[in-house]
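For reference, data_13.txt is printed below; it contains compact mmCIF, C-alpha atoms and all ligand atoms.
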```txt
# COMPACT_ATOMS: atom_id res chain seq x y z
CA MET G 1 -158.83 66.18 47.36
CA LYS G 2 -156.93 68.61 45.18
CA THR G 3 -158.78 71.04 42.91
CA ILE G 4 -157.54 73.50 40.32
CA PHE G 5 -158.68 76.35 42.57
CA ASP G 6 -156.52 75.40 45.58
CA LYS G 7 -154.37 78.18 46.95
CA CYS G 8 -150.78 76.97 46.76
CA LYS G 9 -147.10 77.85 46.60
CA LEU G 10 -145.02 77.45 43.48
CA GLY G 11 -141.55 77.83 44.94
CA ASP G 12 -141.37 81.35 46.32
CA LEU G 13 -144.59 82.45 44.57
CA THR G 14 -148.01 82.40 46.22
CA LEU G 15 -150.75 81.31 43.83
CA LYS G 16 -154.51 81.56 44.23
CA SER G 17 -155.02 78.51 42.00
CA ARG G 18 -153.07 75.73 40.31
CA ILE G 19 -153.64 77.19 36.84
CA ILE G 20 -150.76 78.80 34.98
CA ARG G 21 -151.70 80.83 31.95
CA THR G 22 -149.03 80.49 29.26
CA GLY G 23 -148.92 83.17 26.57
CA LEU G 24 -147.45 82.92 23.10
CA TRP G 25 -148.06 85.47 20.33
CA GLU G 26 -148.72 89.20 20.72
CA SER G 27 -150.71 90.67 17.84
CA GLN G 28 -151.86 93.74 19.77
CA GLN G 29 -148.46 95.41 20.10
CA ASN G 30 -149.76 98.63 18.57
CA ASP G 31 -152.70 98.85 20.92
CA LEU G 32 -151.46 98.92 24.49
CA ASP G 33 -154.95 99.47 25.88
CA ALA G 34 -156.09 96.21 24.27
CA ILE G 35 -153.17 94.41 25.92
CA TYR G 36 -154.02 95.92 29.31
CA GLU G 37 -157.67 94.94 28.91
CA ARG G 38 -156.66 91.36 28.07
CA TYR G 39 -154.38 91.12 31.10
CA GLU G 40 -157.06 92.58 33.34
CA LYS G 41 -159.48 89.83 32.22
CA ILE G 42 -156.97 87.04 32.72
CA ALA G 43 -155.64 88.31 36.06
CA SER G 44 -159.13 88.82 37.48
CA SER G 45 -160.26 85.33 36.47
CA GLY G 46 -158.78 83.32 39.34
CA VAL G 47 -155.62 82.27 37.52
CA GLY G 48 -152.65 81.36 39.75
CA LEU G 49 -149.73 82.61 37.68
CA ILE G 50 -149.40 84.39 34.34
CA THR G 51 -146.59 83.75 31.90
CA SER G 52 -146.45 86.57 29.38
CA GLU G 53 -146.51 86.27 25.62
CA LEU G 54 -143.14 85.59 24.08
CA TYR G 55 -140.91 88.67 24.33
CA SER G 56 -138.43 89.13 21.53
CA ILE G 57 -134.85 89.98 22.46
CA TYR G 58 -133.58 90.24 18.88
CA PRO G 59 -135.09 92.72 16.39
CA LYS G 60 -134.57 90.50 13.33
CA ASP G 61 -135.65 87.18 14.78
CA LYS G 62 -138.14 84.90 13.02
CA PHE G 63 -141.01 85.61 15.43
CA THR G 64 -140.17 89.23 16.25
CA GLU G 65 -143.07 90.44 14.15
CA HIS G 66 -145.44 88.41 16.33
CA SER G 67 -143.92 89.37 19.68
CA PHE G 68 -143.41 92.49 21.76
CA LYS G 69 -139.83 93.61 21.17
CA MET G 70 -137.87 94.19 24.38
CA GLY G 71 -135.85 96.86 22.60
CA ASN G 72 -138.94 98.95 21.80
CA LEU G 73 -139.14 102.31 23.52
CA ASN G 74 -142.54 101.44 24.96
CA PHE G 75 -141.60 97.96 26.20
CA MET G 76 -140.94 99.13 29.75
CA THR G 77 -144.15 101.19 29.82
CA MET G 78 -146.16 98.15 28.74
CA ALA G 79 -144.32 95.74 31.05
CA ARG G 80 -144.66 97.97 34.12
CA LYS G 81 -148.36 98.40 33.47
CA ILE G 82 -149.17 94.71 33.04
CA ALA G 83 -147.14 93.83 36.16
CA GLU G 84 -149.15 96.48 38.01
CA ILE G 85 -152.42 95.01 36.68
CA THR G 86 -151.63 91.39 37.58
CA HIS G 87 -150.32 92.37 41.02
CA SER G 88 -153.50 94.33 41.75
CA TYR G 89 -155.20 90.88 41.63
CA ASP G 90 -152.37 89.22 43.62
CA VAL G 91 -151.30 87.26 40.56
CA PRO G 92 -147.55 86.94 39.93
CA ILE G 93 -146.21 87.27 36.40
CA LEU G 94 -143.23 85.78 34.57
CA GLY G 95 -141.84 87.21 31.33
CA GLN G 96 -141.32 84.60 28.62
CA VAL G 97 -138.03 85.09 26.80
CA GLU G 98 -136.53 83.13 23.92
CA PHE G 99 -135.36 83.42 20.35
CA ILE G 100 -135.42 81.26 17.24
CA LYS G 101 -132.47 82.46 15.21
CA TYR G 102 -129.15 83.93 16.19
CA ASN G 103 -127.64 86.52 13.85
CA ARG G 104 -124.11 87.84 14.09
CA GLY G 105 -124.04 91.18 12.28
CA ILE G 106 -124.69 90.43 8.62
CA ASP G 107 -124.24 86.69 9.18
CA LEU G 108 -127.77 85.43 9.63
CA ASP G 109 -129.11 82.30 11.26
CA ILE G 110 -125.87 81.00 12.76
CA SER G 111 -126.16 77.30 13.56
CA VAL G 112 -125.63 75.82 17.01
CA ASN G 113 -122.36 74.27 15.80
CA ASP G 114 -121.02 77.52 14.36
CA LEU G 115 -121.53 79.65 17.47
CA THR G 116 -118.24 80.98 18.81
CA ILE G 117 -117.59 81.29 22.53
CA GLU G 118 -118.07 85.05 22.06
CA ASP G 119 -121.51 84.33 20.54
CA ILE G 120 -122.40 82.16 23.52
CA ARG G 121 -121.37 84.93 25.91
CA GLN G 122 -123.37 87.42 23.84
CA ILE G 123 -126.51 85.26 24.03
CA GLN G 124 -126.07 84.85 27.77
CA SER G 125 -125.58 88.56 28.31
CA ASP G 126 -128.58 89.43 26.07
CA ILE G 127 -130.83 87.14 28.13
CA ILE G 128 -129.47 88.50 31.42
CA GLU G 129 -130.18 92.02 30.18
CA ALA G 130 -133.73 90.91 29.32
CA ALA G 131 -134.12 89.49 32.84
CA GLN G 132 -132.87 92.77 34.34
CA LYS G 133 -135.49 94.66 32.34
CA LEU G 134 -138.22 92.35 33.62
CA GLN G 135 -137.07 92.87 37.19
CA VAL G 136 -137.05 96.66 36.79
CA ALA G 137 -140.55 96.46 35.28
CA GLY G 138 -141.77 94.68 38.41
CA PHE G 139 -142.12 91.15 37.03
CA ASP G 140 -141.79 88.31 39.53
CA GLY G 141 -139.68 86.18 37.27
CA ILE G 142 -138.53 85.06 33.88
CA GLN G 143 -139.43 81.96 31.93
CA LEU G 144 -136.65 80.84 29.67
CA SER G 145 -137.77 78.43 26.98
CA VAL G 146 -135.33 75.65 26.33
CA GLY G 147 -138.24 73.77 24.80
CA ASN G 148 -140.54 73.73 21.75
CA ASN G 149 -138.41 74.57 18.72
CA PHE G 150 -136.64 77.64 20.07
CA PHE G 151 -132.91 78.11 19.56
CA LEU G 152 -131.85 76.88 22.99
CA SER G 153 -133.90 73.70 22.57
CA LYS G 154 -131.70 73.01 19.55
CA PHE G 155 -128.56 73.89 21.46
CA ILE G 156 -129.26 71.17 24.05
CA ASN G 157 -130.42 68.63 21.46
CA PRO G 158 -127.83 66.11 20.13
CA TYR G 159 -129.71 66.08 16.80
CA TYR G 160 -128.43 69.64 16.23
CA ASN G 161 -125.51 70.00 18.61
CA GLN G 162 -122.38 68.22 17.41
CA ARG G 163 -119.93 70.62 19.01
CA ASN G 164 -116.55 69.28 20.09
CA ASP G 165 -115.93 71.82 22.83
CA ASP G 166 -117.21 72.26 26.39
CA TYR G 167 -120.67 73.07 24.99
CA GLY G 168 -121.20 69.79 23.11
CA GLY G 169 -121.20 66.07 23.80
CA SER G 170 -122.69 65.09 27.17
CA VAL G 171 -126.03 66.38 28.44
CA PHE G 172 -124.11 68.48 30.96
CA ASN G 173 -122.03 70.09 28.22
CA ARG G 174 -125.02 70.75 25.97
CA MET G 175 -126.85 72.25 28.96
CA ARG G 176 -123.81 74.31 30.02
CA LEU G 177 -124.94 77.54 28.28
CA VAL G 178 -128.32 77.36 30.02
CA LEU G 179 -126.91 76.25 33.38
CA GLU G 180 -124.43 79.14 33.44
CA LEU G 181 -127.23 81.49 32.55
CA VAL G 182 -129.60 80.26 35.27
CA LYS G 183 -126.83 80.40 37.86
CA VAL G 184 -125.89 83.99 37.00
CA MET G 185 -129.54 85.07 37.09
CA LYS G 186 -130.14 83.38 40.44
CA ASP G 187 -126.94 84.80 41.95
CA ASN G 188 -127.52 88.35 40.77
CA LEU G 189 -131.22 89.00 40.36
CA ASP G 190 -134.24 88.76 42.57
CA LEU G 191 -136.38 86.78 40.13
CA HIS G 192 -138.13 83.43 40.00
CA VAL G 193 -136.37 81.56 37.19
CA SER G 194 -138.56 79.05 35.41
CA VAL G 195 -137.30 76.92 32.53
CA LYS G 196 -139.46 75.30 29.87
CA VAL G 197 -138.04 71.97 28.71
CA ASN G 198 -139.08 69.43 26.07
CA THR G 199 -139.88 65.94 27.29
CA PHE G 200 -138.40 64.53 24.11
CA ASP G 201 -137.80 65.18 20.44
CA GLU G 202 -139.14 62.58 18.04
CA ARG G 203 -136.27 62.98 15.58
CA LYS G 204 -133.84 60.06 15.40
CA ASP G 205 -130.94 60.63 17.78
CA GLY G 206 -132.72 63.67 19.20
CA PHE G 207 -133.17 64.76 22.81
CA ASP G 208 -135.01 61.93 24.58
CA SER G 209 -136.89 61.62 27.86
CA HIS G 210 -133.82 60.24 29.72
CA GLU G 211 -131.79 63.25 28.64
CA SER G 212 -134.68 65.50 29.55
CA LEU G 213 -134.80 64.10 33.12
CA GLU G 214 -131.05 64.58 33.43
CA ALA G 215 -131.30 68.14 32.11
CA CYS G 216 -134.03 68.98 34.65
CA LYS G 217 -131.95 67.59 37.54
CA LEU G 218 -129.07 69.82 36.41
CA LEU G 219 -131.39 72.83 36.26
CA GLU G 220 -132.50 72.14 39.81
CA LYS G 221 -128.86 71.95 40.96
CA VAL G 222 -128.04 75.42 39.63
CA GLY G 223 -131.09 76.95 41.26
CA ALA G 224 -133.97 76.95 38.75
CA ASP G 225 -137.17 77.66 40.70
CA SER G 226 -139.62 75.76 38.50
CA ILE G 227 -139.73 73.65 35.36
CA GLN G 228 -142.45 73.64 32.72
CA VAL G 229 -142.78 70.52 30.63
CA THR G 230 -143.60 70.84 26.94
CA ARG G 231 -142.89 69.24 23.57
CA PRO G 232 -142.00 70.49 20.06
CA LEU G 233 -144.97 72.00 18.15
CA SER G 234 -147.01 71.51 21.30
CA PRO G 235 -150.51 72.79 20.31
CA LEU G 236 -150.55 70.62 17.17
CA TYR G 237 -150.55 67.50 19.36
CA PHE G 238 -153.52 68.63 21.39
CA THR G 239 -156.50 69.01 19.08
CA LYS G 240 -160.09 67.75 19.10
CA LYS G 241 -158.96 64.54 17.39
CA LEU G 242 -155.52 64.10 18.86
CA SER G 243 -154.35 64.03 22.45
CA GLY G 244 -150.72 63.58 23.34
CA GLU G 245 -151.66 64.26 26.96
CA GLY G 246 -150.86 60.76 28.31
CA GLU G 247 -147.18 60.88 27.35
CA LEU G 248 -146.69 64.26 28.96
CA ILE G 249 -148.51 63.23 32.14
CA ASP G 250 -146.42 60.04 32.47
CA TYR G 251 -143.20 61.95 31.94
CA THR G 252 -144.20 64.69 34.37
CA ASN G 253 -144.93 62.12 37.08
CA LYS G 254 -141.45 60.65 36.59
CA LEU G 255 -139.91 64.09 36.69
CA ILE G 256 -141.77 65.00 39.90
CA ASP G 257 -140.25 61.85 41.48
CA SER G 258 -136.78 62.96 40.40
CA VAL G 259 -136.66 66.66 41.37
CA ASP G 260 -137.86 68.81 44.26
CA VAL G 261 -138.61 71.96 42.24
CA PRO G 262 -142.24 72.51 41.22
CA VAL G 263 -143.17 71.11 37.82
CA ILE G 264 -145.83 72.61 35.53
CA VAL G 265 -147.39 70.66 32.69
CA GLY G 266 -149.56 71.80 29.79
CA GLY G 267 -151.30 69.47 27.38
CA GLY G 268 -154.39 70.92 25.77
CA PHE G 269 -156.38 70.86 29.03
CA ASN G 270 -159.85 72.31 28.65
CA ASN G 271 -162.17 70.63 31.14
CA MET G 272 -162.23 71.37 34.86
CA LEU G 273 -163.40 67.94 36.05
CA HIS G 274 -160.80 66.20 33.92
CA MET G 275 -158.11 68.51 35.27
CA ASN G 276 -159.19 67.77 38.84
CA GLU G 277 -159.01 64.07 38.03
CA ILE G 278 -155.41 64.49 36.83
CA LEU G 279 -154.52 66.36 40.01
CA ASN G 280 -155.97 63.59 42.17
CA SER G 281 -154.71 60.58 40.26
CA THR G 282 -151.11 61.78 39.88
CA ASP G 283 -148.54 63.83 41.81
CA ILE G 284 -149.07 66.76 39.42
CA GLU G 285 -149.84 70.06 41.14
CA PHE G 286 -149.68 72.74 38.44
CA LEU G 287 -151.45 72.78 35.07
CA SER G 288 -150.76 75.21 32.28
CA MET G 289 -153.29 76.47 29.73
CA TYR G 290 -152.83 78.60 26.63
CA ARG G 291 -155.63 78.51 24.05
CA PRO G 292 -158.59 78.62 26.51
CA PHE G 293 -157.34 82.06 27.63
CA VAL G 294 -157.19 83.19 24.00
CA ALA G 295 -160.78 82.04 23.46
CA GLN G 296 -162.03 83.75 26.64
CA GLY G 297 -159.69 85.60 28.99
CA ASP G 298 -161.87 85.19 32.08
CA PHE G 299 -163.38 81.69 31.63
CA LEU G 300 -162.04 80.55 35.01
CA LYS G 301 -164.60 82.79 36.72
CA ASP G 302 -167.43 80.72 35.23
CA TRP G 303 -165.70 77.45 36.12
CA LYS G 304 -165.29 78.55 39.72
CA ASP G 305 -168.89 79.78 40.03
CA ASN G 306 -170.33 76.60 38.46
CA GLY G 307 -167.95 74.08 40.02
CA CYS G 308 -167.26 72.68 36.54
CA GLY G 309 -166.76 73.85 32.99
CA GLU G 310 -165.27 73.25 29.59
CA SER G 311 -163.42 75.84 27.54
CA ARG G 312 -165.19 77.10 24.44
CA CYS G 313 -161.89 76.85 22.54
CA LEU G 314 -162.37 74.57 19.52
CA LYS G 315 -158.66 73.63 19.43
CA CYS G 316 -158.66 74.62 15.76
CA ASN G 317 -155.19 76.15 16.23
CA ASN G 318 -155.95 79.09 13.93
CA CYS G 319 -154.61 81.53 16.54
CA TYR G 320 -151.46 79.43 16.90
CA ARG G 321 -150.81 79.06 13.16
CA THR G 322 -151.55 82.66 12.25
CA LYS G 323 -149.74 83.95 15.32
CA THR G 324 -152.40 86.10 16.86
CA SER G 325 -153.18 86.72 20.51
CA THR G 326 -156.90 86.90 19.80
CA CYS G 327 -159.39 84.17 18.89
CA TYR G 328 -160.74 83.60 15.38
CA HIS G 329 -164.12 82.40 16.56
CA TYR G 330 -165.15 84.60 19.47
S1 LIG J 401 -158.62 80.38 17.29
FE1 LIG J 401 -159.21 78.22 17.64
S2 LIG J 401 -157.58 77.36 18.93
FE2 LIG J 401 -157.39 79.59 19.00
S3 LIG J 401 -158.54 80.16 20.84
FE3 LIG J 401 -159.93 80.35 19.10
S4 LIG J 401 -161.00 78.39 19.01
FE4 LIG J 401 -159.18 78.10 20.29
```

Could you show the structure in this file as structure tokens?
Amino acid sequence: MKTIFDKCKLGDLTLKSRIIRTGLWESQQNDLDAIYERYEKIASSGVGLITSELYSIYPKDKFTEHSFKMGNLNFMTMARKIAEITHSYDVPILGQVEFIKYNRGIDLDISVNDLTIEDIRQIQSDIIEAAQKLQVAGFDGIQLSVGNNFFLSKFINPYYNQRNDDYGGSVFNRMRLVLELVKVMKDNLDLHVSVKVNTFDERKDGFDSHESLEACKLLEKVGADSIQVTRPLSPLYFTKKLSGEGELIDYTNKLIDSVDVPVIVGGGFNNMLHMNEILNSTDIEFLSMYRPFVAQGDFLKDWKDNGCGESRCLKCNNCYRTKTSTCYHY
């Protein structure tokens, strides 16, 4: 019988449970002590792996205001400290890196189709530099989001990408930017490289689940260490009234059959017994959670002590919509 609190391996990382905490917004950037306190709570809770809030690589990006900027003077101080905190509880940490808009000088919001090869190289080198910073700060890895609605999810999506060069057309070509990037990071850095990928995009002629499976197989080939499955506007599909969980679970099972790298899935999970049921009725081994950790950083302690539990998160999505790392209700 599998349980969420099994000790396990996720590639090269040793985890004390099957729960991956995924972060998103950072509204406490001006209060480092509050960030450290939050990480202390999460790391001490029994979580297996922490993925940081989104870190912003570009100062004028859409979500920069709601993220810790990697170019800030105090980024390394903060990053070193939270790596130190999570490691003191034997919890590995990945830094989540992505961007929404690409600006070239005064030309803002360049589209996927208008990127020059120099722009592509610039993006790759900016992300590699971000990965180097994470390594120096003591992080165990990087999570690159090619999912949700971030820029790279658009780059690999035929709905947006109509390029006629080596970076457009087939899934391989649309994935080329990301594949080159993963390969360079794996060849040159000592980091776990995790990639977050959409299962599908509901737009007509958008990225579909067949393309997604193909993309994940390519990621495995170039050395990605783990894959996290997601979907555009993820939290909005997992509310009290709505659950898109089934689709994600079915897709994840198919993906697990197709690749050997560990696969993580998130889907609004909030109940320990239900999560154990998923683990035992499917091949899924790793479950990701976001909002329950916003509602209560250390809820897993109670779940472990009681042998069951349900998150107090109301799935109202106020923290998601207003882009805060703290809960509106508690
Ligand atoms: S604001 Fe709402 S969705 Fe966010 S953690 Fe609190 S209860 Fe959950």

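With only C-alpha atoms and all ligand atoms counted, the chains near ligand LIG 401 (chain J) contribute these residues within 9 Å: Pro235, Thr239, Tyr290, Arg291, Pro292, Phe293, Val294, Ala295, Gln296, Ser311, Arg312, Cys313, Leu314, Lys315, Cys316, Asn317, Asn318, Cys319, Tyr320, Arg321, Thr322, Thr324, Ser325, Thr326, Cys327, Tyr328, His329 and Tyr330 of chain G.
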
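The space separating CA of Ala34 (chain G) from CA of Ala131 (chain G) comes to 24.5 Å.
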
>> Set the distance at 8 Å and use only C-alpha atoms: which residues neighbour region 7-21 of chain G once local chain neighbours fewer than 3 positions away are removed? I'd like the list as a VMD selection string.
In response: chain G and resid 3 to 4 46 to 51 90 to 92 192 225 to 226 261 to 262 264 285 to 290 293

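Pairwise distance (CA of Ser125 (chain G), CA of Val112 (chain G)) equals 17.0 Å.
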
> Around (-128.9, 84.0, 33.5) in the file's frame, which residues reach within 12 Å when counting all atoms listed in the file? Return as a PyMOL selection string?
Replying inline: chain G and resi 97+121-132+141-144+176-195+219+222-224

>> Env of Glu310 (chain G): 8 Å cut, atoms = only C-alpha atoms, seq-sep filter 4 positions within chain, self excluded. Answer as a PyMOL selection string.
In response: chain G and resi 270-272+303

With C-alpha atoms kept, could you save the residues just selected as a PDB file, in the frame of the given file?
```pdb
ATOM      1  CA  ASN G 270    -159.850  72.310  28.650  1.00  0.00           C
ATOM      2  CA  ASN G 271    -162.170  70.630  31.140  1.00  0.00           C
ATOM      3  CA  MET G 272    -162.230  71.370  34.860  1.00  0.00           C
ATOM      4  CA  TRP G 303    -165.700  77.450  36.120  1.00  0.00           C
TER       5      TRP G 303
END
```

> Smallest atom-to-atom distance to Val146 (chain G): which of G:Met275, G:Ile227, G:Leu94, G:Ala79, using only C-alpha atoms?
Replying inline: G:Ile227

To box region 150-162 of chain G, take all atoms listed in the file, fit an axis-aligned box, add 6 Å on each side, and give centre and edge lengths in Å to one decimal, as AutoDock Vina command-line options.
```
--center_x -129.5 --center_y 72.1 --center_z 20.1 --size_x 26.3 --size_y 24.0 --size_z 19.8
```

> Closest to Val136 (chain G) among G:Gly95, G:Gly168, G:Gly105, G:Gly266, using all atoms listed in the file?
Replying inline: G:Gly95

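Here CA of Tyr55 (chain G) and CA of Met70 (chain G) stand 6.3 Å from one another.
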
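Nearest to Ser170 (chain G) of all the residues G:Tyr102, G:Phe68, G:Phe151, G:Phe207 is G:Phe207, based on only C-alpha atoms.
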
> When distances are computed from only C-alpha atoms, which of G:Asp31, G:Asp201, G:Glu26, G:Asp283 shows the smallest separation from Lys254 (chain G)?
Replying inline: G:Asp283

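When only C-alpha atoms are used to measure the gap to Ile278 (chain G), the shortest distance among G:Gly309, G:Tyr251, G:Lys2, G:Ile57 belongs to G:Lys2.
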
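Within 12 Å of Gly246 (chain G), once only C-alpha atoms are used and residues closer than 6 positions along the same chain are dropped, the contacting residues are Tyr237, Phe238, Thr252, Asn253, Val265, Gly266, Gly267, Gly268, Phe269, Ile278 and Thr282 of chain G.
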